[in-house]
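Here's the structure we're looking at; comments come further down.
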Amino acid sequence: MARYWLMKSEPDVYGWDDLVRQEEGVWDGVRNHRAKNNLAAMKAGDRAFFYHSNIGKEVVGIMQVSKAGLKDPTDPTGTWAAVRVVPLRKLARPVTLAEMKAEPGLAASELIRLSRLSVCEFTKPEWDLVLKMAKRRAKA
């Protein structure tokens with residue numbers, strides 16, 4: 001059974017368009033134990049939201065884990081985890097952090113409760129709710 005995630009990246013360092021251009025990327029450089037555990041728990045086929053942090057603070061696309069259980073190639077100690085991901089599709093419109101914070105159905109999500117966590121797990125209902133939010137028209 002697939003699991004659902006949200007993975008943050010600063011778009012001026014590595015953004016959605018970079019992943020699309022590469023067609024497959026390595027999600028590495030994570031140096032938080034909870035986030036590392038989330039990366040280590042991922043399996044090929046799991047889905048993840050691509051979240052632009054710092055600039056934008058919004059979910060912009062959906063990617064799929066193509067290879068799991070990797071050692072982070074940027075870590076000479078072999079302590080940290082990584083996965084390979086492929087882009088699936090851009091959202092119809094980005095879903096901002098402000099929108100997600102205002103949504104009662106996401107109040108218990110790791111994204112909201114552990115705001116500094118760079119790799120968050122989402123439940124299926126949370127995942128579906130964000131997808132539904134992406135189809136709504138943005139509020140002016």
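Chain labels run A, B, ... following the order of the structure tokens; each chain numbers its residues from 1, and ligands are numbered from 1 in the order shown.
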Just the residues within 7 Å of A:Lys71, please, counting only C-alpha atoms, with nothing from its chain fewer than 6 positions along; format it as a list in words.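 The residues that qualify are Gly78, Trp80, Ala81 and Ala82 of chain A.
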Using backbone DSSP assignments, extract all strand (DSSP E) residues from chain A; output them as an MDAnalysis selection string. chainID A and resid 4:9 25:27 47:52 58:71 81:96 119:122
Could you go through stretch 20-131 of chain A and tell me which residues DSSP, when run on the backbone, assigns to helix (DSSP H, G or I), listing them as a PDB file with C-alpha atoms, in the first residue's frame?
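The result, written out as out.pdb:
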```pdb
ATOM      1  CA  VAL A  20      11.031  18.155 -14.397  1.00  0.00           C
ATOM      2  CA  ARG A  21      14.112  19.079 -16.451  1.00  0.00           C
ATOM      3  CA  GLN A  22      16.119  16.212 -14.907  1.00  0.00           C
ATOM      4  CA  HIS A  33      16.513  12.669  12.259  1.00  0.00           C
ATOM      5  CA  ARG A  34      12.714  12.659  11.914  1.00  0.00           C
ATOM      6  CA  ALA A  35      12.970  13.607   8.232  1.00  0.00           C
ATOM      7  CA  LYS A  36      15.658  10.922   7.756  1.00  0.00           C
ATOM      8  CA  ASN A  37      13.340   8.336   9.297  1.00  0.00           C
ATOM      9  CA  ASN A  38      10.580   9.431   6.914  1.00  0.00           C
ATOM     10  CA  LEU A  39      12.942   9.079   3.940  1.00  0.00           C
ATOM     11  CA  ALA A  40      14.012   5.650   5.187  1.00  0.00           C
ATOM     12  CA  ALA A  41      10.353   4.575   5.471  1.00  0.00           C
ATOM     13  CA  LEU A  97       1.022  27.075   3.476  1.00  0.00           C
ATOM     14  CA  ALA A  98      -1.419  29.786   4.636  1.00  0.00           C
ATOM     15  CA  GLU A  99      -4.299  27.887   2.986  1.00  0.00           C
ATOM     16  CA  MET A 100      -3.201  24.616   4.562  1.00  0.00           C
ATOM     17  CA  LYS A 101      -2.881  26.217   8.010  1.00  0.00           C
ATOM     18  CA  ALA A 102      -6.414  27.582   7.648  1.00  0.00           C
ATOM     19  CA  PRO A 104      -9.109  22.314   9.878  1.00  0.00           C
ATOM     20  CA  GLY A 105      -8.646  18.933   8.168  1.00  0.00           C
ATOM     21  CA  LEU A 106      -4.874  19.516   8.082  1.00  0.00           C
ATOM     22  CA  GLU A 110       3.098  16.823  10.344  1.00  0.00           C
ATOM     23  CA  LEU A 111       3.425  19.825   8.029  1.00  0.00           C
ATOM     24  CA  ILE A 112       1.421  22.001  10.428  1.00  0.00           C
ATOM     25  CA  ARG A 113       2.472  20.442  13.750  1.00  0.00           C
ATOM     26  CA  LYS A 124      -4.545   9.549   2.665  1.00  0.00           C
ATOM     27  CA  PRO A 125      -7.352  11.919   3.822  1.00  0.00           C
ATOM     28  CA  GLU A 126      -4.820  14.780   4.206  1.00  0.00           C
ATOM     29  CA  TRP A 127      -3.391  14.010   0.760  1.00  0.00           C
ATOM     30  CA  ASP A 128      -6.849  13.978  -0.823  1.00  0.00           C
ATOM     31  CA  LEU A 129      -7.744  17.249   0.899  1.00  0.00           C
ATOM     32  CA  VAL A 130      -4.688  19.052  -0.527  1.00  0.00           C
ATOM     33  CA  LEU A 131      -5.545  17.733  -4.003  1.00  0.00           C
TER      34      LEU A 131
END
```
For A:Ala2, which residue among A:Asp18, A:Glu121, A:Asp46, A:Glu24 is the nearest when counting only C-alpha atoms?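 Using only C-alpha atoms, A:Ala2 sits closest to A:Asp46.
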What lies within 8 Å of A:Trp5 using only C-alpha atoms, ignoring chain neighbours under 5 positions off, as a list of chain:residue names?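 So, after excluding close chain neighbours, the residues are A:Asp46, A:Arg47, A:Ala48, A:Phe49, A:Val119, A:Cys120, A:Glu121, A:Phe122.
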Across A:Glu103, A:Glu23, A:Glu10, A:Asp28, the smallest distance to A:Val83, with only C-alpha atoms counted, is shown by A:Asp28
Selected residue, from A:Asp72, A:Asp17, A:Asp12, A:Glu58, that lies nearest to A:Val30 when counting only C-alpha atoms: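 Of A:Asp72, A:Asp17, A:Asp12, A:Glu58, the one nearest A:Val30, counting only C-alpha atoms, is A:Asp72.
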Using only C-alpha atoms, determine which residues lie at most 6 Å from A:Ala44, disregarding the query and same-chain residues fewer than 3 positions distant; provide the list as an NGL selection string. :A and (65-68)
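Of the residues listed (A:Ser109, A:Met7, A:Arg31, A:Met133), A:Arg31 shows the shortest atom-to-atom separation from A:Asp75; distances use only C-alpha atoms.
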Show which residues sit within 10 Å of A:Ala92, as a list in words. Count only C-alpha atoms, and ignore same-chain residues fewer than 6 positions away.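 Those residues are Val60, Gly61, Leu131, Met133, Ala134, Lys135, Arg136 and Arg137 of chain A.
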Would you output that residue set with C-alpha atoms, as an mmCIF file, in the first residue's frame?
```cif
data_model
loop_
_atom_site.group_PDB
_atom_site.id
_atom_site.type_symbol
_atom_site.label_atom_id
_atom_site.label_comp_id
_atom_site.auth_asym_id
_atom_site.auth_seq_id
_atom_site.Cartn_x
_atom_site.Cartn_y
_atom_site.Cartn_z
ATOM 1 C CA VAL A 60 3.437 22.888 -6.509
ATOM 2 C CA GLY A 61 3.546 19.320 -7.817
ATOM 3 C CA LEU A 131 -5.545 17.733 -4.003
ATOM 4 C CA MET A 133 -7.711 22.414 -2.443
ATOM 5 C CA ALA A 134 -5.560 22.609 -5.594
ATOM 6 C CA LYS A 135 -8.733 22.454 -7.695
ATOM 7 C CA ARG A 136 -10.380 25.359 -5.872
ATOM 8 C CA ARG A 137 -10.051 28.848 -7.217
#
```
